[in-house]
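Novice: Got a structure for you, coords_26.csv, holding CSV, C-alpha atoms.
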```
chain,number,residue,atom,x,y,z
Q,108,MET,CA,-7.7,28.9,43.3
Q,109,LYS,CA,-4.6,30.2,41.4
Q,110,HIS,CA,-2.2,32.6,43.0
Q,111,PRO,CA,-0.1,35.2,41.0
Q,112,GLN,CA,2.9,34.5,43.2
Q,113,PHE,CA,2.9,30.8,42.3
Q,114,SER,CA,6.5,30.1,41.5
Q,115,ALA,CA,8.2,27.6,39.2
Q,116,LEU,CA,9.4,25.8,42.3
Q,117,SER,CA,5.9,25.6,43.6
Q,118,ALA,CA,4.7,24.1,40.3
Q,119,ARG,CA,7.4,21.5,40.4
Q,120,SER,CA,6.4,20.6,44.0
Q,121,CYS,CA,2.8,20.3,42.9
Q,122,VAL,CA,3.6,18.0,40.1
Q,123,PHE,CA,5.9,15.8,42.2
Q,124,VAL,CA,3.3,15.6,44.9
Q,125,ALA,CA,0.7,14.6,42.4
Q,126,ILE,CA,3.1,11.9,41.0
Q,127,ALA,CA,3.8,10.7,44.5
Q,128,GLY,CA,0.1,10.5,45.1
Q,129,LEU,CA,-0.4,8.4,42.1
Q,130,LEU,CA,2.3,6.1,43.3
Q,131,VAL,CA,0.7,5.8,46.7
Q,132,VAL,CA,-2.6,4.9,45.1
Q,133,ALA,CA,-0.7,2.3,43.0
Q,134,SER,CA,0.9,0.8,46.1
Q,135,SER,CA,-2.6,0.3,47.6
Q,136,VAL,CA,-3.7,-2.2,44.9
Q,137,PRO,CA,-2.2,-5.6,44.2
Q,138,LEU,CA,0.6,-5.8,41.7
Q,139,VAL,CA,0.2,-7.8,38.5
Q,140,ALA,CA,0.7,-11.4,39.3
Q,141,THR,CA,0.0,-14.8,37.9
Q,142,SER,CA,-3.1,-15.0,40.0
Q,143,ILE,CA,-4.8,-12.8,37.4
Q,144,ALA,CA,-6.0,-15.6,35.2
Q,145,SER,CA,-7.7,-13.6,32.4
Q,146,GLU,CA,-6.5,-10.6,30.5
Q,147,PRO,CA,-6.7,-7.5,32.8
Q,148,LEU,CA,-9.7,-5.2,32.4
Q,149,ALA,CA,-7.1,-2.4,32.1
Q,150,LYS,CA,-6.2,-3.6,28.6
Q,151,GLY,CA,-9.7,-2.9,27.2
Q,152,ILE,CA,-8.7,0.8,26.5
Q,153,GLN,CA,-5.0,1.5,26.4
Q,154,ASP,CA,-3.9,4.2,23.9
Q,155,ASN,CA,-6.5,6.9,24.4
Q,156,SER,CA,-5.2,9.4,27.0
Q,157,PHE,CA,-5.9,13.1,26.7
Q,158,PHE,CA,-2.9,15.0,28.1
Q,159,ILE,CA,-0.5,12.1,28.8
Q,160,GLU,CA,1.2,10.2,26.1
Q,161,GLU,CA,0.8,6.4,26.6
Q,162,ALA,CA,3.7,4.2,25.6
Q,163,TYR,CA,1.8,1.8,23.2
Q,164,ASN,CA,2.5,2.0,19.5
Q,165,GLN,CA,-0.1,1.0,16.9
Q,166,GLU,CA,-0.5,-2.7,16.2
Q,167,PRO,CA,0.5,-3.9,12.7
Q,168,GLY,CA,-2.2,-3.1,10.1
Q,169,VAL,CA,-4.2,-0.7,12.4
Q,170,VAL,CA,-4.4,3.1,11.9
Q,171,GLN,CA,-5.7,5.5,14.5
Q,172,HIS,CA,-7.4,8.9,13.9
Q,173,ILE,CA,-7.6,11.2,16.9
Q,174,LEU,CA,-9.4,14.5,17.3
Q,175,ASN,CA,-8.7,16.6,20.5
Q,176,VAL,CA,-10.8,19.6,21.2
Q,177,PRO,CA,-9.6,21.6,24.3
Q,178,ILE,CA,-11.6,24.7,25.3
Q,179,ASN,CA,-9.8,26.9,27.8
Q,180,PHE,CA,-11.2,29.8,29.8
Q,181,THR,CA,-8.9,32.4,31.3
Q,182,ASN,CA,-10.1,35.7,32.9
Q,183,GLY,CA,-13.4,35.5,31.0
Q,184,SER,CA,-11.8,34.9,27.6
Q,185,ARG,CA,-12.1,31.6,25.6
Q,186,GLU,CA,-9.6,29.8,23.5
Q,187,ILE,CA,-10.3,26.6,21.4
Q,188,THR,CA,-7.4,24.6,20.2
Q,189,PRO,CA,-8.5,21.5,18.2
Q,190,SER,CA,-5.9,19.2,16.8
Q,191,PHE,CA,-6.1,16.1,14.5
Q,192,THR,CA,-3.5,13.3,14.7
Q,193,GLN,CA,-3.2,10.2,12.6
Q,194,GLU,CA,-0.9,7.3,13.7
Q,195,TRP,CA,0.4,4.6,11.4
Q,196,PRO,CA,2.5,1.5,12.2
Q,197,VAL,CA,5.5,0.9,10.0
Q,198,PHE,CA,5.4,-2.9,9.2
Q,199,SER,CA,5.3,-3.8,12.9
Q,200,GLN,CA,4.5,-2.3,16.3
Q,201,THR,CA,8.2,-1.5,16.8
Q,202,HIS,CA,8.0,1.7,14.6
Q,203,GLN,CA,5.3,4.2,14.3
Q,204,LEU,CA,4.9,7.4,12.2
Q,205,SER,CA,2.3,10.1,12.8
Q,206,TYR,CA,1.4,13.7,12.2
Q,207,THR,CA,-0.5,16.3,14.2
Q,208,ILE,CA,-2.3,19.3,12.7
Q,209,PRO,CA,-3.3,21.9,15.3
Q,210,TYR,CA,-5.7,24.9,14.9
Q,211,VAL,CA,-6.3,27.8,17.2
Q,212,PHE,CA,-9.5,29.9,17.7
Q,213,THR,CA,-9.3,32.9,20.0
Q,214,GLU,CA,-11.6,35.9,20.4
Q,215,ASP,CA,-9.1,38.0,18.4
Q,216,ASP,CA,-7.9,35.7,15.7
Q,217,ASN,CA,-7.6,32.1,14.4
Q,218,GLY,CA,-5.4,30.0,12.2
Q,219,ILE,CA,-3.3,26.9,11.9
Q,220,ALA,CA,-0.5,26.4,14.4
Q,221,ASP,CA,2.8,24.6,14.0
Q,222,MET,CA,2.4,21.1,12.7
Q,223,ARG,CA,4.4,18.1,14.0
Q,224,LEU,CA,5.8,15.0,12.2
Q,225,ASN,CA,6.4,12.3,14.7
Q,226,TYR,CA,8.4,9.0,15.0
Q,227,ARG,CA,8.0,6.6,17.9
Q,228,LEU,CA,10.1,3.5,18.8
Q,229,GLN,CA,8.6,0.8,20.9
Q,230,ALA,CA,11.8,0.4,22.8
Q,231,LEU,CA,10.2,-1.8,25.6
Q,232,THR,CA,7.2,-4.0,25.4
Q,233,GLU,CA,5.2,-4.3,28.6
Q,234,ASP,CA,5.3,-7.6,30.5
Q,235,GLU,CA,4.7,-8.7,34.1
Q,236,TYR,CA,7.7,-6.7,35.4
Q,237,THR,CA,8.7,-4.4,32.6
Q,238,PRO,CA,6.9,-1.1,31.7
Q,239,ALA,CA,6.2,-0.2,28.1
Q,240,PHE,CA,8.5,2.5,26.9
Q,241,ALA,CA,8.1,4.3,23.5
Q,242,PRO,CA,10.4,7.4,23.1
Q,243,ARG,CA,9.1,9.9,20.5
Q,244,LEU,CA,11.1,12.3,18.3
Q,245,SER,CA,9.2,15.1,16.5
Q,246,LEU,CA,9.9,17.7,13.8
Q,247,VAL,CA,8.0,20.9,14.5
Q,248,LEU,CA,7.2,22.7,11.2
Q,249,PRO,CA,6.7,26.5,11.2
Q,250,THR,CA,3.2,26.4,9.6
Q,251,GLY,CA,1.7,28.8,12.2
Q,252,ASP,CA,1.6,32.6,11.6
Q,253,GLN,CA,4.3,34.1,13.9
Q,254,GLY,CA,2.7,37.5,13.6
Q,255,LYS,CA,-0.6,36.2,15.1
Q,256,GLY,CA,1.3,34.4,17.9
Q,257,LEU,CA,0.4,31.0,16.3
Q,258,GLY,CA,4.0,29.7,15.8
Q,259,THR,CA,7.7,30.4,16.4
Q,260,GLY,CA,8.6,31.0,12.7
Q,261,VAL,CA,11.4,28.4,12.8
Q,262,VAL,CA,11.8,24.6,12.6
Q,263,GLY,CA,11.8,23.0,16.1
Q,264,TYR,CA,12.7,19.7,17.6
Q,265,GLU,CA,10.7,17.8,20.3
Q,266,THR,CA,11.2,14.7,22.3
Q,267,ASN,CA,9.0,12.9,24.8
Q,268,LEU,CA,9.7,9.8,27.0
Q,269,PRO,CA,6.5,8.0,27.9
Q,270,PHE,CA,6.3,5.0,30.3
Q,271,SER,CA,3.2,2.9,30.9
Q,272,LYS,CA,2.5,0.0,33.3
Q,273,ILE,CA,-0.5,-2.0,34.2
Q,274,ILE,CA,-0.1,-2.6,37.9
Q,275,SER,CA,-3.3,-4.6,38.6
Q,276,ASP,CA,-6.5,-5.9,36.9
Q,277,ARG,CA,-8.0,-2.4,36.8
Q,278,TRP,CA,-5.1,0.1,37.4
Q,279,THR,CA,-2.6,1.6,34.9
Q,280,LEU,CA,0.0,4.3,35.6
Q,281,HIS,CA,1.7,6.5,33.0
Q,282,PHE,CA,4.6,8.9,33.2
Q,283,ASN,CA,6.0,11.5,30.7
Q,284,ALA,CA,9.1,13.7,30.5
Q,285,GLY,CA,10.1,15.7,27.5
Q,286,MET,CA,11.4,18.9,26.0
Q,287,SER,CA,11.4,20.9,22.8
Q,288,VAL,CA,14.0,23.3,21.3
Q,289,PHE,CA,13.4,26.1,18.7
Q,290,PRO,CA,16.8,27.4,17.6
Q,291,ASN,CA,17.3,30.9,16.2
Q,292,ALA,CA,13.8,32.1,16.9
Q,293,ARG,CA,14.4,35.8,16.2
Q,294,ASP,CA,17.9,35.4,17.7
Q,295,HIS,CA,16.8,33.4,20.7
Q,296,HIS,CA,17.0,29.7,21.4
Q,297,LEU,CA,13.7,28.8,23.0
Q,298,LYS,CA,13.5,25.7,25.2
Q,299,ASN,CA,10.4,24.1,26.8
Q,300,TYR,CA,10.2,21.3,29.3
Q,301,ASN,CA,7.3,19.1,30.4
Q,302,LEU,CA,6.4,16.5,33.1
Q,303,GLY,CA,3.3,14.5,33.5
Q,304,ALA,CA,1.7,11.5,35.1
Q,305,SER,CA,-1.7,9.8,35.2
Q,306,ALA,CA,-3.6,7.0,36.8
Q,307,ILE,CA,-6.3,5.1,34.9
Q,308,TYR,CA,-9.0,3.0,36.6
Q,309,ALA,CA,-11.0,0.5,34.5
Q,310,VAL,CA,-14.5,0.5,35.9
Q,311,SER,CA,-15.2,-2.0,33.1
Q,312,ARG,CA,-13.3,-3.2,30.0
Q,313,ASP,CA,-15.0,-0.4,28.0
Q,314,PHE,CA,-15.2,2.5,30.6
Q,315,ASN,CA,-12.3,4.2,32.4
Q,316,LEU,CA,-12.0,6.9,35.0
Q,317,MET,CA,-8.8,9.1,34.6
Q,318,LEU,CA,-6.7,11.5,36.6
Q,319,GLU,CA,-4.0,13.3,34.7
Q,320,THR,CA,-1.6,16.0,35.9
Q,321,VAL,CA,0.9,17.9,33.7
Q,322,ALA,CA,3.3,20.8,34.1
Q,323,GLY,CA,5.3,22.8,31.6
Q,324,TRP,CA,8.1,25.4,31.7
Q,325,ASN,CA,7.9,27.3,28.4
Q,326,GLU,CA,9.6,30.1,26.6
Q,327,ASP,CA,8.2,32.3,23.8
Q,328,ILE,CA,9.0,35.6,22.1
Q,329,ALA,CA,7.2,38.4,24.0
Q,330,GLU,CA,4.1,39.6,22.1
Q,331,GLY,CA,4.5,43.0,20.5
Q,332,GLU,CA,8.3,42.8,20.5
Q,333,LEU,CA,8.9,43.4,16.7
Q,334,ALA,CA,12.7,44.2,16.8
Q,335,PRO,CA,15.5,45.0,17.0
Q,336,GLU,CA,15.9,43.1,20.2
Q,337,PRO,CA,12.8,41.0,21.1
Q,338,THR,CA,12.7,39.5,24.6
Q,339,VAL,CA,11.7,36.1,25.8
Q,340,ASP,CA,8.6,35.4,28.0
Q,341,ARG,CA,8.8,32.5,30.4
Q,342,ALA,CA,5.7,30.8,31.8
Q,343,THR,CA,5.1,28.0,34.2
Q,344,THR,CA,1.9,26.0,33.6
Q,345,ALA,CA,0.4,23.2,35.6
Q,346,LEU,CA,-3.0,21.5,35.6
Q,347,VAL,CA,-4.9,18.6,37.0
Q,348,SER,CA,-7.5,16.9,34.9
Q,349,PRO,CA,-10.1,14.4,36.0
Q,350,GLY,CA,-11.9,12.7,33.1
Q,351,ALA,CA,-13.5,9.6,31.7
Q,352,ARG,CA,-13.5,7.7,28.4
Q,353,TYR,CA,-15.7,5.0,26.8
Q,354,ALA,CA,-15.0,2.5,24.0
Q,355,PHE,CA,-17.4,1.2,21.4
Q,356,ASN,CA,-16.0,-2.0,20.0
Q,357,LEU,CA,-17.4,-2.4,16.5
Q,358,PRO,CA,-17.2,-5.3,14.0
Q,359,ASN,CA,-13.9,-6.0,12.1
Q,360,ASP,CA,-11.6,-4.9,14.9
Q,361,THR,CA,-12.8,-1.4,14.7
Q,362,GLN,CA,-12.9,0.8,17.9
Q,363,LEU,CA,-14.5,4.2,18.6
Q,364,VAL,CA,-13.4,5.9,21.9
Q,365,VAL,CA,-15.0,9.1,23.2
Q,366,GLY,CA,-13.9,11.0,26.2
Q,367,LEU,CA,-14.4,14.1,28.3
Q,368,ALA,CA,-12.2,15.9,30.9
Q,369,LEU,CA,-12.3,19.0,33.1
Q,370,PRO,CA,-8.8,20.4,33.4
Q,371,ILE,CA,-8.2,22.9,36.2
Q,372,GLY,CA,-5.3,25.3,36.1
Q,373,LEU,CA,-2.9,25.5,39.1
Q,374,THR,CA,-0.7,28.5,38.3
Q,375,SER,CA,-1.2,32.1,37.1
Q,376,ASP,CA,0.1,31.2,33.7
Q,377,SER,CA,-2.4,28.3,33.2
Q,378,PRO,CA,-6.0,28.6,32.0
Q,379,ASP,CA,-8.4,29.0,34.9
Q,380,TRP,CA,-10.3,25.9,33.8
Q,381,GLY,CA,-11.4,24.1,30.7
Q,382,LEU,CA,-13.3,21.4,28.9
Q,383,PHE,CA,-11.6,18.7,26.9
Q,384,PHE,CA,-13.4,16.5,24.3
Q,385,TYR,CA,-11.7,13.4,22.8
Q,386,PHE,CA,-12.6,11.3,19.8
Q,387,SER,CA,-10.6,8.3,18.5
Q,388,PHE,CA,-11.3,5.9,15.6
Q,389,GLU,CA,-9.1,2.8,15.0
Q,390,HIS,CA,-9.6,0.4,12.2
Q,391,PRO,CA,-7.5,-2.1,10.1
Q,392,PHE,CA,-6.1,-0.8,6.8
Q,393,THR,CA,-5.0,-4.2,5.5
Q,394,ARG,CA,-6.9,-7.4,4.9
Q,395,VAL,CA,-4.7,-9.3,7.3
Q,396,GLU,CA,-6.6,-10.4,10.4
Q,397,VAL,CA,-5.4,-8.2,13.3
Q,398,ARG,CA,-5.5,-9.4,16.9
Q,399,ARG,CA,-6.2,-6.4,19.2
Q,400,THR,CA,-3.6,-6.4,21.9
Q,401,LYS,CA,-4.2,-3.0,23.5
```
Would you mind writing the file out in structure tokens?

Specialist:
Amino acid sequence: MKHPQFSALSARSCVFVAIAGLLVVASSVPLVATSIASEPLAKGIQDNSFFIEEAYNQEPGVVQHILNVPINFTNGSREITPSFTQEWPVFSQTHQLSYTIPYVFTEDDNGIADMRLNYRLQALTEDEYTPAFAPRLSLVLPTGDQGKGLGTGVVGYETNLPFSKIISDRWTLHFNAGMSVFPNARDHHLKNYNLGASAIYAVSRDFNLMLETVAGWNEDIAEGELAPEPTVDRATTALVSPGARYAFNLPNDTQLVVGLALPIGLTSDSPDWGLFFYFSFEHPFTRVEVRRTK
């Protein structure tokens, strides 16, 4: 149950407790070791999380198409915010370009939100002792209608720092930390921060159970403030989301992944609860034979 008096400090504590819990779970399973003779089951599905960004770029010659469909329920109202993302490797797995097109359906209005153009660097490749690390830089384009509350009306800049590590045959941990800045949004510099972590358990190579937790500290122009001195709203959001995903491995190195999650809000600024539907389709776009590594 959410409590109106839930403070930013409480939200931070909740996230840190969740992250600590994931680490405790991790410590209860054996670490990756040479005793694992075959490829870990955890590698069957690796780049298909819902709320947490995994630190694995696209393999050379493989493109990924992702459709996210979150449906959030708050005080009896419903909001649907689908988004489409397409990820392309640039000659190798070291560099990746992508774009995200979001759309918003509310009970009062609908329209496209602010689009993102993304670049990711595979700074660290995972091995026995080193986590994968793929920092992202994004340009946020003011494509959303500010008057409808679908965008900030200015160009923004976003970064995220994702880490990923397989810790046993079946377990993988992920961690995210990031921020975004929107300068001169009606004479205000808006700043947002996010933290998140997840634990993934491979029931089999093609079926995973997931537990994700995320929190955000966000600023926005107060609705209805038209000038001359608009004010800034500040919100603290946090949610925990159990979910599952399944992969269909098709001929010619093609993979279809479908997923479902049940996010639950933990603060008064978060949705009460929601449904999250996930669809991903990966396939080679060159004739070069691609060896799937993730």

Novice: Which is closer to Gly254 (chain Q) than all the others in Q:Ala149, Q:Ala230, Q:Leu382, Q:Ala329, using only C-alpha atoms?

Specialist: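 Among the listed residues, the smallest separation from Gly254 (chain Q) belongs to Q:Ala329.
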
Novice: Measuring atom to atom with only C-alpha atoms, identify which of Q:Ser377, Q:Asn315, Q:Thr192, Q:Thr250 is nearest to Gly151 (chain Q).

Specialist: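 Smallest separation from Gly151 (chain Q) among the options: Q:Asn315.
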
Novice: Tell me, as a PyMOL selection string, which residues lie within 12 Å of His281 (chain Q), counting only C-alpha atoms; anything in the same chain fewer than 2 positions away does not count.

Specialist: chain Q and resi 126+129-130+133+153-163+238-241+268-274+278-279+283-284+302-308+317-321

Novice: Write out as an mmCIF file with C-alpha atoms, keeping the file's coordinate frame which residues come within 12 Å of Ser184 (chain Q) when counting all atoms listed in the file, dropping same-chain ones fewer than 4 positions away.

Specialist:
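Output below, filename part_5.cif:
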```cif
data_model
loop_
_atom_site.group_PDB
_atom_site.id
_atom_site.type_symbol
_atom_site.label_atom_id
_atom_site.label_comp_id
_atom_site.auth_asym_id
_atom_site.auth_seq_id
_atom_site.Cartn_x
_atom_site.Cartn_y
_atom_site.Cartn_z
ATOM 1 C CA ILE Q 178 -11.600 24.700 25.300
ATOM 2 C CA ASN Q 179 -9.800 26.900 27.800
ATOM 3 C CA PHE Q 180 -11.200 29.800 29.800
ATOM 4 C CA PHE Q 212 -9.500 29.900 17.700
ATOM 5 C CA THR Q 213 -9.300 32.900 20.000
ATOM 6 C CA GLU Q 214 -11.600 35.900 20.400
ATOM 7 C CA ASP Q 215 -9.100 38.000 18.400
ATOM 8 C CA PRO Q 378 -6.000 28.600 32.000
ATOM 9 C CA ASP Q 379 -8.400 29.000 34.900
ATOM 10 C CA TRP Q 380 -10.300 25.900 33.800
ATOM 11 C CA GLY Q 381 -11.400 24.100 30.700
#
```

Novice: Nearest residue to Gly366 (chain Q) out of Q:Val247, Q:Leu174, Q:Pro196, Q:Gln203, using all atoms listed in the file?

Specialist: Q:Leu174

Novice: What does the distance from CA of Pro290 (chain Q) to CA of Asn175 (chain Q) come to in Å, to one decimal?

Specialist: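 Atom-to-atom, CA of Pro290 (chain Q) and CA of Asn175 (chain Q) are spaced 27.8 Å apart.
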
Novice: Would you list the contacts of Arg341 (chain Q) as a ChimeraX atom specification, taking every protein, DNA or RNA residue within 7 Å and counting all atoms listed in the file, but skipping same-chain residues closer than 6 positions in sequence?

Specialist: /Q:325-327

Novice: At what distance in Å, to one decimal, does CA of Val288 (chain Q) lie from CA of Pro337 (chain Q)?

Specialist: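 For CA of Pro337 (chain Q) relative to CA of Val288 (chain Q), the distance reads 17.7 Å.
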
Novice: May I have the residues within 8 Å of Ala292 (chain Q) as a PyMOL selection string, using only C-alpha atoms and disregarding those fewer than 6 positions away in the same chain?

Specialist: chain Q and resi 259-261+328

Novice: Enclose region 301-310 of chain Q, meaning all of its atoms listed in the file, in a box aligned along x, y and z, pad it by 8 Å on each side, and list the centre and edge lengths in Å to one decimal, as lines of an AutoDock Vina configuration file.

Specialist:
```
center_x = -3.6
center_y = 9.8
center_z = 33.6
size_x = 37.8
size_y = 34.6
size_z = 22.4
```

Novice: List the residues sitting within 8 Å of (-0.6, 1.2, 17.8) in the file's frame, using only C-alpha atoms, as a count of residues only.

Specialist: 15

Novice: Work out how far CA of Tyr210 (chain Q) is from CA of Thr188 (chain Q), in Å to one decimal.

Specialist: 5.6 Å
